[in-house]
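The data block below is model-v8.txt; it holds compact mmCIF, C-alpha atoms.
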```
# COMPACT_ATOMS: atom_id res chain seq x y z
CA MET A 134 59.72 -206.83 117.82
CA TYR A 135 63.14 -208.37 117.26
CA ASN A 136 64.26 -208.35 113.64
CA LYS A 137 66.87 -210.94 112.74
CA LYS A 138 68.23 -212.06 109.38
CA ASN A 139 65.28 -213.40 107.34
CA ARG A 140 63.22 -213.62 110.52
CA SER A 141 61.22 -211.40 112.85
CA VAL A 142 60.20 -212.30 116.40
CA CYS A 143 57.23 -210.67 118.10
CA ALA A 144 57.27 -211.14 121.90
CA ILE A 145 54.24 -210.07 123.95
CA ARG A 146 54.24 -210.25 127.73
CA LYS A 147 51.29 -209.74 130.06
CA ASP A 148 51.72 -209.54 133.82
CA LEU A 149 49.17 -211.77 135.60
CA ALA A 150 50.38 -211.21 139.16
CA LYS A 151 48.21 -208.15 139.78
CA SER A 152 44.93 -209.80 138.77
CA TYR A 153 45.22 -213.44 139.85
CA GLU A 154 46.17 -215.31 142.99
CA ILE A 155 48.50 -218.29 143.23
CA GLU A 156 48.65 -220.98 145.93
CA VAL A 157 52.11 -222.11 147.06
CA ASP A 158 52.92 -225.29 149.00
CA ALA A 159 55.95 -227.50 149.62
CA SER A 160 56.71 -230.03 146.88
CA GLU A 161 58.18 -233.55 146.91
CA ALA A 162 61.53 -232.24 145.61
CA PRO A 163 63.54 -233.24 148.75
CA ILE A 164 62.91 -236.88 147.82
CA LEU A 165 62.27 -236.69 144.07
CA ASN A 166 65.42 -234.71 143.25
CA LYS A 167 67.52 -237.63 144.49
CA MET A 168 65.89 -239.85 141.87
CA LEU A 169 65.39 -237.50 138.94
CA ASN A 170 67.99 -236.30 136.45
CA ASP A 171 66.20 -232.96 136.07
CA PRO A 172 65.51 -231.23 139.41
CA GLU A 173 62.04 -230.08 140.45
CA PRO A 174 61.34 -226.79 142.27
CA TYR A 175 61.04 -227.11 146.05
CA GLU A 176 57.68 -225.34 146.01
CA SER A 177 54.52 -226.57 144.33
CA SER A 178 52.44 -223.66 143.03
CA MET A 179 48.88 -223.65 141.73
CA ALA A 180 47.52 -220.99 139.38
CA ASP A 181 43.94 -219.74 139.25
CA LEU A 182 41.76 -221.51 136.65
CA LYS A 183 40.33 -218.11 135.67
CA ILE A 184 43.64 -217.39 133.92
CA LEU A 185 42.79 -220.04 131.33
CA GLU A 186 39.21 -218.85 130.99
CA ASN A 187 39.92 -215.11 130.81
CA GLU A 188 43.36 -214.93 129.23
CA VAL A 189 44.20 -218.10 127.30
CA PHE A 190 41.01 -219.40 125.69
CA PRO A 191 40.13 -215.99 124.14
CA ILE A 192 43.55 -215.98 122.45
CA ASN A 193 42.87 -219.45 121.04
CA LYS A 194 39.49 -218.22 119.75
CA ALA A 195 41.14 -215.22 118.07
CA PHE A 196 43.85 -217.47 116.60
CA LYS A 197 41.26 -219.74 114.96
CA LYS A 198 39.28 -216.74 113.69
CA VAL A 199 42.33 -215.31 111.91
CA PHE A 200 43.95 -218.51 110.62
CA GLY A 201 40.95 -220.84 110.32
CA THR A 202 39.24 -223.39 112.56
CA ASP A 203 41.60 -226.11 111.33
CA LYS A 204 44.56 -224.17 112.77
CA GLU A 205 44.42 -225.23 116.42
CA LEU A 206 46.94 -224.48 119.17
CA LYS A 207 48.47 -227.76 120.34
CA LEU A 208 48.65 -228.41 124.08
CA ASN A 209 52.28 -229.30 124.86
CA SER A 210 52.35 -229.08 128.63
CA ILE A 211 49.89 -228.55 131.52
CA LYS A 212 49.16 -230.15 134.90
CA LEU A 213 45.65 -229.84 136.34
CA ALA A 214 44.82 -230.28 140.04
CA ILE A 215 41.67 -232.37 140.57
CA GLY A 216 40.28 -232.87 144.07
CA SER A 217 38.19 -231.48 146.91
CA ASN A 218 40.56 -228.83 148.30
CA TYR A 219 44.12 -227.48 148.12
CA ASN A 220 45.36 -230.13 150.56
CA ASP A 221 43.69 -233.09 148.85
CA TYR A 222 44.06 -233.45 145.09
CA VAL A 223 45.65 -235.51 142.33
CA THR A 224 47.38 -234.18 139.23
CA VAL A 225 46.39 -234.79 135.63
CA ALA A 226 48.97 -233.98 132.94
CA GLU A 227 48.47 -233.47 129.21
CA SER A 228 49.46 -237.12 128.58
CA ASP A 229 46.71 -238.25 130.97
CA LEU A 230 44.13 -236.12 129.16
CA ILE A 231 44.86 -237.99 125.92
CA LYS A 232 44.05 -241.27 127.72
CA PHE A 233 40.65 -239.74 128.60
CA ASP A 234 40.04 -239.08 124.86
CA VAL A 235 40.63 -235.35 125.31
CA LYS A 236 42.07 -233.70 122.21
CA PRO A 237 45.56 -232.36 123.01
CA THR A 238 44.53 -228.84 121.99
CA LEU A 239 43.38 -225.72 123.81
CA SER A 240 39.82 -226.36 122.60
CA GLY A 241 39.99 -229.89 124.03
CA LEU A 242 41.31 -228.53 127.31
CA ARG A 243 38.53 -225.92 127.43
CA ASP A 244 35.83 -228.58 126.92
CA PHE A 245 37.37 -230.85 129.58
CA ILE A 246 37.47 -228.03 132.13
CA LYS A 247 33.87 -227.05 131.34
CA GLU A 248 32.67 -230.62 131.92
CA ASN A 249 34.66 -231.05 135.17
CA SER A 250 34.70 -227.51 136.54
CA GLU A 251 33.49 -228.48 140.03
CA SER A 252 36.43 -230.78 140.71
CA ILE A 253 39.28 -228.85 139.03
CA LEU A 254 41.02 -226.58 141.54
CA GLY A 255 43.57 -224.99 139.20
CA PHE A 256 46.68 -225.77 137.19
CA LEU A 257 50.15 -226.35 138.62
CA ASP A 258 53.75 -225.89 137.58
CA SER A 259 54.29 -228.57 134.94
CA GLU A 260 57.90 -227.94 133.93
CA TYR A 261 60.97 -226.52 135.62
CA VAL A 262 63.75 -225.37 133.29
CA SER A 263 66.62 -225.10 135.76
CA GLU A 264 69.08 -223.62 133.23
CA GLU A 265 66.73 -220.67 132.62
CA GLY A 266 65.19 -220.52 136.07
CA ASN A 267 61.69 -220.68 134.57
CA VAL A 268 58.72 -222.49 136.09
CA ILE A 269 56.26 -223.25 133.27
CA TYR A 270 52.55 -223.75 133.92
CA LEU A 271 51.23 -223.86 130.35
CA ASN A 272 53.01 -224.47 127.07
CA CYS A 273 51.11 -224.60 123.78
CA GLY A 274 51.71 -223.56 120.20
CA LYS A 275 51.56 -224.21 116.50
CA LYS A 276 54.21 -224.44 113.75
CA ASN A 277 54.10 -223.67 110.02
CA ILE A 278 50.94 -221.58 110.30
CA SER A 279 51.23 -219.73 106.98
CA ASP A 280 53.77 -218.89 104.29
CA ASN A 281 54.96 -215.92 106.36
CA ILE A 282 54.43 -217.10 109.96
CA TYR A 283 56.71 -219.91 111.12
CA SER A 284 55.39 -220.49 114.63
CA PHE A 285 53.11 -219.27 117.41
CA LYS A 286 53.85 -220.12 121.03
CA LEU A 287 51.84 -219.31 124.16
CA LEU A 288 53.44 -219.74 127.58
CA ILE A 289 52.45 -219.06 131.16
CA LEU A 290 55.49 -219.01 133.40
CA ALA A 291 57.12 -217.64 136.52
CA SER A 292 60.76 -216.62 136.49
CA MET A 293 62.80 -217.56 139.54
CA GLN A 294 65.22 -214.79 138.52
CA GLN A 295 62.43 -212.19 138.93
CA ARG A 296 61.13 -213.50 142.26
CA GLY A 297 62.69 -210.58 144.16
CA PHE A 298 60.87 -208.09 141.96
CA PHE A 299 57.43 -209.62 142.58
CA LEU A 300 58.11 -209.95 146.30
CA GLN A 301 58.92 -206.26 146.43
CA GLN A 302 56.22 -204.95 144.10
CA GLU A 303 53.31 -207.36 144.59
CA HIS A 304 54.22 -209.10 147.88
CA LYS A 305 53.79 -212.42 146.09
CA TYR A 306 56.20 -215.33 146.05
CA TYR A 307 55.57 -216.07 142.38
CA GLY A 308 54.77 -213.61 139.60
CA LEU A 309 52.94 -215.32 136.75
CA GLN A 310 53.38 -213.92 133.26
CA LEU A 311 51.73 -214.78 129.96
CA TYR A 312 53.99 -214.79 126.91
CA ILE A 313 53.10 -214.91 123.23
CA ILE A 314 56.04 -215.49 120.87
CA ILE A 315 55.43 -215.28 117.12
CA GLU A 316 58.17 -216.00 114.58
CA SER A 317 57.57 -214.71 111.07
CA LYS A 318 59.40 -213.70 107.89
CA LYS A 319 58.52 -210.04 108.37
CA ALA A 320 57.23 -207.93 111.24
CA ASN A 321 54.35 -206.33 109.33
CA ASP A 322 52.70 -209.52 108.10
CA ASP A 323 48.97 -208.84 107.54
CA LYS A 324 47.81 -211.94 109.42
CA LEU A 325 50.09 -211.16 112.34
CA LEU A 326 48.73 -207.63 112.62
CA GLU A 327 45.17 -208.94 112.30
CA LEU A 328 45.80 -211.39 115.13
CA LEU A 329 47.21 -208.65 117.38
CA LYS A 330 44.09 -206.62 116.73
CA GLU A 331 41.85 -209.60 117.59
CA ILE A 332 43.54 -210.03 120.99
CA ASN A 333 43.02 -206.32 121.70
CA ILE A 334 46.59 -205.19 121.11
CA ASN A 335 46.54 -201.80 119.38
CA TRP A 336 49.58 -202.41 117.19
CA GLU A 337 49.03 -199.19 115.22
CA LEU A 338 49.39 -197.12 118.39
CA ILE A 339 52.35 -199.20 119.57
CA PHE A 340 54.20 -198.78 116.24
CA PHE A 341 53.38 -195.06 116.24
CA ARG A 342 54.66 -194.56 119.79
CA ARG A 343 57.79 -196.59 119.03
CA LYS A 344 58.48 -194.52 115.94
CA LEU A 345 58.00 -191.29 117.90
CA ALA A 346 60.26 -192.48 120.71
CA ILE A 347 63.05 -193.39 118.28
CA TYR A 348 62.63 -190.08 116.45
CA ASP A 349 62.69 -188.09 119.72
CA TRP A 350 65.85 -189.87 120.82
CA THR A 351 67.50 -189.25 117.42
CA GLU A 352 66.50 -185.59 117.52
CA LYS A 353 67.95 -185.08 120.98
CA GLU A 354 71.23 -186.82 120.15
CA CYS A 355 71.70 -184.91 116.89
CA GLU A 356 70.96 -181.52 118.45
CA GLN A 357 73.43 -182.14 121.26
CA ASN A 358 76.29 -183.27 119.03
CA SER A 359 77.03 -182.17 115.44
CA GLU A 360 78.98 -185.39 114.81
CA ASN A 361 75.80 -187.35 115.47
CA LEU A 362 73.94 -185.13 113.00
CA LYS A 363 76.65 -185.76 110.40
CA SER A 364 76.35 -189.51 110.89
CA PHE A 365 72.55 -189.33 110.66
CA LEU A 366 72.57 -187.32 107.41
CA ARG A 367 75.26 -189.54 105.90
CA ALA A 368 73.31 -192.72 106.71
CA LYS A 369 69.88 -191.45 105.62
CA PHE A 370 70.86 -189.52 102.48
CA GLU A 371 73.61 -191.60 100.94
CA THR A 372 74.15 -189.38 97.87
CA LEU A 373 75.07 -186.33 99.97
CA ASN A 374 78.86 -186.29 100.00
CA TYR A 375 81.38 -185.06 102.55
CA PHE A 376 81.28 -181.44 101.39
CA ASP A 377 77.46 -181.37 101.15
CA ILE A 378 77.03 -182.57 104.72
CA ASN A 379 79.73 -180.29 106.11
CA ASN A 380 78.10 -177.27 104.45
CA ILE A 381 74.67 -178.29 105.81
CA ILE A 382 76.08 -178.68 109.35
CA ARG A 383 77.89 -175.34 109.07
CA LEU A 384 74.73 -173.48 108.06
CA VAL A 385 72.63 -175.26 110.71
CA ALA A 386 75.15 -174.42 113.45
CA LYS A 387 75.55 -170.80 112.28
CA ASN A 388 71.79 -170.20 112.44
CA GLN A 389 71.13 -172.55 115.39
CA LEU A 390 68.52 -174.43 113.40
CA PRO A 391 66.73 -177.43 114.98
CA PHE A 392 67.17 -181.04 113.92
CA LYS A 393 63.87 -181.08 111.98
CA VAL A 394 65.15 -178.34 109.68
CA ALA A 395 68.44 -180.18 109.06
CA GLU A 396 66.56 -183.38 108.21
CA LYS A 397 64.21 -181.54 105.85
CA MET A 398 67.19 -179.84 104.19
CA GLY A 399 68.81 -183.24 103.65
CA SER A 400 65.60 -184.59 102.12
CA LEU A 401 65.19 -181.64 99.74
CA LEU A 402 68.83 -181.68 98.61
CA TYR A 403 68.78 -185.47 98.20
CA LYS A 404 65.79 -185.15 95.85
CA MET A 405 67.42 -182.24 94.00
CA LYS A 406 70.55 -184.28 93.31
CA SER A 407 68.54 -187.27 92.15
CA GLU A 408 66.34 -185.21 89.81
CA ARG A 409 69.28 -183.35 88.32
CA VAL A 410 71.46 -186.38 87.73
CA TYR A 411 68.66 -188.45 86.24
CA HIS A 412 67.84 -185.67 83.78
CA LEU A 413 71.50 -185.28 82.79
CA LEU A 414 72.14 -189.00 82.38
CA ASP A 415 68.81 -190.01 80.90
CA ARG A 416 70.04 -190.12 77.33
CA GLN A 417 73.27 -191.89 78.27
CA PHE A 418 71.36 -194.35 80.38
CA GLN A 419 69.14 -195.28 77.44
CA GLU A 420 72.06 -195.59 75.02
CA ASN A 421 74.76 -197.16 77.17
CA HIS A 422 72.64 -199.08 79.69
CA PHE A 423 74.30 -197.63 82.77
CA GLN A 424 73.87 -199.60 85.95
CA GLU A 425 72.04 -198.05 88.91
CA ASP A 426 75.19 -198.00 91.03
CA GLN A 427 76.95 -195.92 88.35
CA ILE A 428 74.21 -193.28 88.58
CA GLN A 429 74.40 -193.31 92.36
CA GLN A 430 78.15 -192.77 92.13
CA ASP A 431 77.58 -189.77 89.82
CA GLU A 432 75.09 -188.33 92.32
CA TYR A 433 77.62 -188.67 95.13
CA SER A 434 80.45 -187.07 93.13
CA ILE A 435 78.45 -183.88 92.44
CA THR A 436 78.93 -181.30 95.18
CA LEU A 437 76.07 -178.92 95.93
CA LYS A 438 76.57 -175.18 95.84
CA LYS A 439 76.30 -173.09 99.00
CA ALA A 440 73.36 -171.24 97.42
CA GLU A 441 71.50 -174.56 96.99
CA ILE A 442 72.01 -175.40 100.65
CA ALA A 443 70.88 -171.91 101.72
CA ALA A 444 67.77 -172.26 99.53
CA ALA A 445 67.01 -175.65 101.12
CA ALA A 446 67.31 -174.09 104.60
CA LYS A 447 64.84 -171.31 103.74
CA ILE A 448 62.29 -173.74 102.27
CA ALA A 449 62.68 -176.17 105.20
CA CYS A 450 62.01 -173.38 107.73
CA ALA A 451 58.97 -172.20 105.75
CA TYR A 452 57.65 -175.77 105.41
CA LEU A 453 57.98 -176.42 109.15
CA GLY A 454 56.54 -173.04 110.13
CA ILE A 455 59.79 -171.81 111.69
CA GLN A 456 60.11 -168.05 111.34
CA LYS A 457 63.83 -167.37 111.21
CA LYS A 458 66.01 -165.14 109.09
CA ILE A 459 68.72 -167.34 107.58
CA VAL A 460 72.22 -165.84 107.76
CA PHE A 461 74.54 -167.11 105.02
CA ASP A 462 78.02 -166.29 103.70
CA SER A 463 78.44 -162.97 101.91
CA ASP A 464 79.77 -164.63 98.75
CA ILE A 465 76.41 -166.34 98.15
CA SER A 466 74.22 -164.59 95.57
CA VAL A 467 70.65 -163.81 96.63
CA ALA A 468 69.55 -164.25 93.01
CA GLU A 469 71.02 -167.76 92.99
CA ILE A 470 69.23 -168.63 96.23
CA LEU A 471 65.91 -167.51 94.74
CA LYS A 472 66.57 -169.54 91.59
CA PHE A 473 67.32 -172.70 93.58
CA GLN A 474 64.33 -172.08 95.87
CA GLU A 475 62.09 -172.23 92.81
CA GLU A 476 63.78 -175.43 91.62
CA LEU A 477 63.40 -177.09 95.02
CA THR A 478 59.76 -176.01 95.28
CA ASN A 479 58.96 -177.68 91.95
CA ILE A 480 60.56 -181.03 92.83
```
Represent the structure from my file as structure tokens, please.
Amino acid sequence: MYNKKNRSVCAIRKDLAKSYEIEVDASEAPILNKMLNDPEPYESSMADLKILENEVFPINKAFKKVFGTDKELKLNSIKLAIGSNYNDYVTVAESDLIKFDVKPTLSGLRDFIKENSESILGFLDSEYVSEEGNVIYLNCGKKNISDNIYSFKLLILASMQQRGFFLQQEHKYYGLQLYIIIESKKANDDKLLELLKEININWELIFFRRKLAIYDWTEKECEQNSENLKSFLRAKFETLNYFDINNIIRLVAKNQLPFKVAEKMGSLLYKMKSERVYHLLDRQFQENHFQEDQIQQDEYSITLKKAEIAAAAKIACAYLGIQKKIVFDSDISVAEILKFQEELTNI
């Protein structure tokens, strides 16, 4: 998922090199490239027709199930090989299919292949984008799908830049990959998630693993460096001021408390500040119509007591099941800690 301003891009890649074979032959590029403005690759490669049957058409079926039968993926680019064998065939492009009254959609392509399966050998490279080094075998998509989803694009391509990788790993000259690119207003659009589920992508597990990975990385960085922990607490709990965060860090370092405890302390103290300030300013808010940013400023200007921070540490350890005796400064009253523990517990 790539989140941009007012737009989210979901990119899904599936490696096809392990499961499907590809035939490679010399192309007409030595002659054609002298005539054409856009160069052609010097190899002609043919992909297995089973890729369309097993990988592409099921996605089209899922797409129509989620968005409706009237929402059909348009066929933008393909080149079929029709003939008796790999050394004797002619090519039929998407423009030729239209002449044969074939609908320029994936459903139309599926029906055409079904009716002529005995003579279709496979599908070839149909486009070569020299600037990107991509050889494209299939290009289809749909725009303006719903209020939230701008476009859906399905590509099958081989990257010339990644040829060395596939030669090394798969001992194949070309490594075909299937790409799905979905542009939407937001990443968690219901229809988008439903579509991912229909094409057997467990997005719940993916999001969960991603969240865990980010959290694990944050935890490691904050435990290794107190400056990172300061930055984390400052960014996540904006009403904790300079003195609050420094006192939290000091107590955490003194007792060698883990990151989870520091985060829980920040959450408890953030809520305590919010509750306290809203109670104090409730009457003034009603009478004077204070703006929200004024209240937030008041929250930030209030500095927490050491006893409040110590109380938060004790509750955080108890909540997380960490058995540790908290050592705090001698000028902190035990009675005060107990009082603030009760207040935090009731929030």
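Ranking A:Ala451, A:Val199, A:Ile253, A:Cys355 by their shortest atom-to-atom distance to Lys183 of chain A, with only C-alpha atoms included, puts A:Ile253 first.
Here the question is which of A:Glu264, A:Asp464, A:Glu396, A:Glu316 gets nearest to Lys137 of chain A using only C-alpha atoms, and that residue is A:Glu316.
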*Find the residue from A:Lys318, A:Arg367, A:Lys197, A:Lys404 that sits nearest to Ile382 of chain A; use only C-alpha atoms when measuring.*
A:Arg367
*asked:* Please list as number ranges by chain every residue within 8 Å of segment 281-283 of chain A, counting only C-alpha atoms and excluding residues in the same chain fewer than 4 positions away.
replied: A: 276-277, 315-319, 322, 325
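Pairwise distance (atom CA of Lys330 of chain A, atom CA of Gln295 of chain A) equals 29.3 Å.
Between Ser177 of chain A and the residues A:Gln456, A:Asn220, A:Ser359, A:Ser463, the shortest atom-to-atom distance, using only C-alpha atoms, involves A:Asn220.
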_What does the structure give for the distance between atom CA of Leu329 of chain A and atom CA of Ile145 of chain A, in Å to one decimal?_
9.7 Å
_Distance criterion (only C-alpha atoms): nearest to Ala214 of chain A out of A:Ser152, A:Phe256, A:Glu227, A:Leu287_ = A:Phe256
*Please write as number ranges by chain the list of polymer residues whose atoms come within 12 Å of (71.7, -171.6, 111.3), counting all atoms listed in the file and keeping to the coordinates of the file.*
A: 380-392, 394-395, 398, 442-443, 445-447, 449-450, 455, 457-462
Can those selected residues be exported to a file as a compact mmCIF listing (two decimals), keeping the file's coordinate frame so that it contains C-alpha atoms?
```txt
# COMPACT_ATOMS: atom_id res chain seq x y z
CA ASN A 380 78.10 -177.27 104.45
CA ILE A 381 74.67 -178.29 105.81
CA ILE A 382 76.08 -178.68 109.35
CA ARG A 383 77.89 -175.34 109.07
CA LEU A 384 74.73 -173.48 108.06
CA VAL A 385 72.63 -175.26 110.71
CA ALA A 386 75.15 -174.42 113.45
CA LYS A 387 75.55 -170.80 112.28
CA ASN A 388 71.79 -170.20 112.44
CA GLN A 389 71.13 -172.55 115.39
CA LEU A 390 68.52 -174.43 113.40
CA PRO A 391 66.73 -177.43 114.98
CA PHE A 392 67.17 -181.04 113.92
CA VAL A 394 65.15 -178.34 109.68
CA ALA A 395 68.44 -180.18 109.06
CA MET A 398 67.19 -179.84 104.19
CA ILE A 442 72.01 -175.40 100.65
CA ALA A 443 70.88 -171.91 101.72
CA ALA A 445 67.01 -175.65 101.12
CA ALA A 446 67.31 -174.09 104.60
CA LYS A 447 64.84 -171.31 103.74
CA ALA A 449 62.68 -176.17 105.20
CA CYS A 450 62.01 -173.38 107.73
CA ILE A 455 59.79 -171.81 111.69
CA LYS A 457 63.83 -167.37 111.21
CA LYS A 458 66.01 -165.14 109.09
CA ILE A 459 68.72 -167.34 107.58
CA VAL A 460 72.22 -165.84 107.76
CA PHE A 461 74.54 -167.11 105.02
CA ASP A 462 78.02 -166.29 103.70
```
Your completed segment 179-202 of chain A with N, CA and C atoms, as a PDB file, in the coordinates of the input:
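And here is the file that came out, part-v2.pdb:
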```
ATOM      1  N   MET A 179      50.107-223.413 142.491  1.00  0.00           N
ATOM      2  CA  MET A 179      48.880-223.650 141.730  1.00  0.00           C
ATOM      3  C   MET A 179      48.286-222.317 141.268  1.00  0.00           C
ATOM      4  N   ALA A 180      48.058-222.212 139.966  1.00  0.00           N
ATOM      5  CA  ALA A 180      47.520-220.990 139.380  1.00  0.00           C
ATOM      6  C   ALA A 180      46.001-221.046 139.291  1.00  0.00           C
ATOM      7  N   ASP A 181      45.401-219.882 139.306  1.00  0.00           N
ATOM      8  CA  ASP A 181      43.940-219.740 139.250  1.00  0.00           C
ATOM      9  C   ASP A 181      43.421-220.190 137.884  1.00  0.00           C
ATOM     10  N   LEU A 182      42.350-221.014 137.894  1.00  0.00           N
ATOM     11  CA  LEU A 182      41.760-221.510 136.650  1.00  0.00           C
ATOM     12  C   LEU A 182      41.196-220.385 135.785  1.00  0.00           C
ATOM     13  N   LYS A 183      40.872-219.253 136.426  1.00  0.00           N
ATOM     14  CA  LYS A 183      40.330-218.110 135.670  1.00  0.00           C
ATOM     15  C   LYS A 183      41.335-217.568 134.661  1.00  0.00           C
ATOM     16  N   ILE A 184      42.616-217.826 134.879  1.00  0.00           N
ATOM     17  CA  ILE A 184      43.640-217.390 133.920  1.00  0.00           C
ATOM     18  C   ILE A 184      43.393-218.032 132.561  1.00  0.00           C
ATOM     19  N   LEU A 185      43.077-219.333 132.588  1.00  0.00           N
ATOM     20  CA  LEU A 185      42.790-220.040 131.330  1.00  0.00           C
ATOM     21  C   LEU A 185      41.520-219.504 130.692  1.00  0.00           C
ATOM     22  N   GLU A 186      40.502-219.289 131.506  1.00  0.00           N
ATOM     23  CA  GLU A 186      39.210-218.850 130.990  1.00  0.00           C
ATOM     24  C   GLU A 186      39.243-217.416 130.461  1.00  0.00           C
ATOM     25  N   ASN A 187      39.931-216.534 131.170  1.00  0.00           N
ATOM     26  CA  ASN A 187      39.920-215.110 130.810  1.00  0.00           C
ATOM     27  C   ASN A 187      41.039-214.687 129.881  1.00  0.00           C
ATOM     28  N   GLU A 188      42.183-215.382 129.968  1.00  0.00           N
ATOM     29  CA  GLU A 188      43.360-214.930 129.230  1.00  0.00           C
ATOM     30  C   GLU A 188      43.767-215.842 128.072  1.00  0.00           C
ATOM     31  N   VAL A 189      43.659-217.149 128.288  1.00  0.00           N
ATOM     32  CA  VAL A 189      44.200-218.100 127.300  1.00  0.00           C
ATOM     33  C   VAL A 189      43.179-218.488 126.236  1.00  0.00           C
ATOM     34  N   PHE A 190      42.000-218.923 126.654  1.00  0.00           N
ATOM     35  CA  PHE A 190      41.010-219.400 125.690  1.00  0.00           C
ATOM     36  C   PHE A 190      40.567-218.311 124.704  1.00  0.00           C
ATOM     37  N   PRO A 191      40.443-217.036 125.113  1.00  0.00           N
ATOM     38  CA  PRO A 191      40.130-215.990 124.140  1.00  0.00           C
ATOM     39  C   PRO A 191      41.211-215.819 123.065  1.00  0.00           C
ATOM     40  N   ILE A 192      42.470-216.062 123.433  1.00  0.00           N
ATOM     41  CA  ILE A 192      43.550-215.980 122.450  1.00  0.00           C
ATOM     42  C   ILE A 192      43.425-217.114 121.441  1.00  0.00           C
ATOM     43  N   ASN A 193      43.078-218.312 121.936  1.00  0.00           N
ATOM     44  CA  ASN A 193      42.870-219.450 121.040  1.00  0.00           C
ATOM     45  C   ASN A 193      41.710-219.188 120.068  1.00  0.00           C
ATOM     46  N   LYS A 194      40.651-218.567 120.585  1.00  0.00           N
ATOM     47  CA  LYS A 194      39.490-218.220 119.750  1.00  0.00           C
ATOM     48  C   LYS A 194      39.902-217.220 118.664  1.00  0.00           C
ATOM     49  N   ALA A 195      40.682-216.223 119.042  1.00  0.00           N
ATOM     50  CA  ALA A 195      41.140-215.220 118.070  1.00  0.00           C
ATOM     51  C   ALA A 195      42.069-215.858 117.041  1.00  0.00           C
ATOM     52  N   PHE A 196      42.918-216.779 117.493  1.00  0.00           N
ATOM     53  CA  PHE A 196      43.850-217.470 116.600  1.00  0.00           C
ATOM     54  C   PHE A 196      43.100-218.237 115.517  1.00  0.00           C
ATOM     55  N   LYS A 197      42.049-218.975 115.925  1.00  0.00           N
ATOM     56  CA  LYS A 197      41.260-219.740 114.960  1.00  0.00           C
ATOM     57  C   LYS A 197      40.468-218.835 114.017  1.00  0.00           C
ATOM     58  N   LYS A 198      40.029-217.686 114.525  1.00  0.00           N
ATOM     59  CA  LYS A 198      39.280-216.740 113.690  1.00  0.00           C
ATOM     60  C   LYS A 198      40.147-216.183 112.577  1.00  0.00           C
ATOM     61  N   VAL A 199      41.417-215.916 112.893  1.00  0.00           N
ATOM     62  CA  VAL A 199      42.330-215.310 111.910  1.00  0.00           C
ATOM     63  C   VAL A 199      42.869-216.359 110.939  1.00  0.00           C
ATOM     64  N   PHE A 200      43.259-217.525 111.455  1.00  0.00           N
ATOM     65  CA  PHE A 200      43.950-218.510 110.620  1.00  0.00           C
ATOM     66  C   PHE A 200      43.067-219.687 110.182  1.00  0.00           C
ATOM     67  N   GLY A 201      41.847-219.755 110.704  1.00  0.00           N
ATOM     68  CA  GLY A 201      40.950-220.840 110.320  1.00  0.00           C
ATOM     69  C   GLY A 201      40.758-221.840 111.443  1.00  0.00           C
ATOM     70  N   THR A 202      39.577-222.455 111.474  1.00  0.00           N
ATOM     71  CA  THR A 202      39.240-223.390 112.560  1.00  0.00           C
ATOM     72  C   THR A 202      40.122-224.630 112.554  1.00  0.00           C
TER      73      THR A 202
END
```
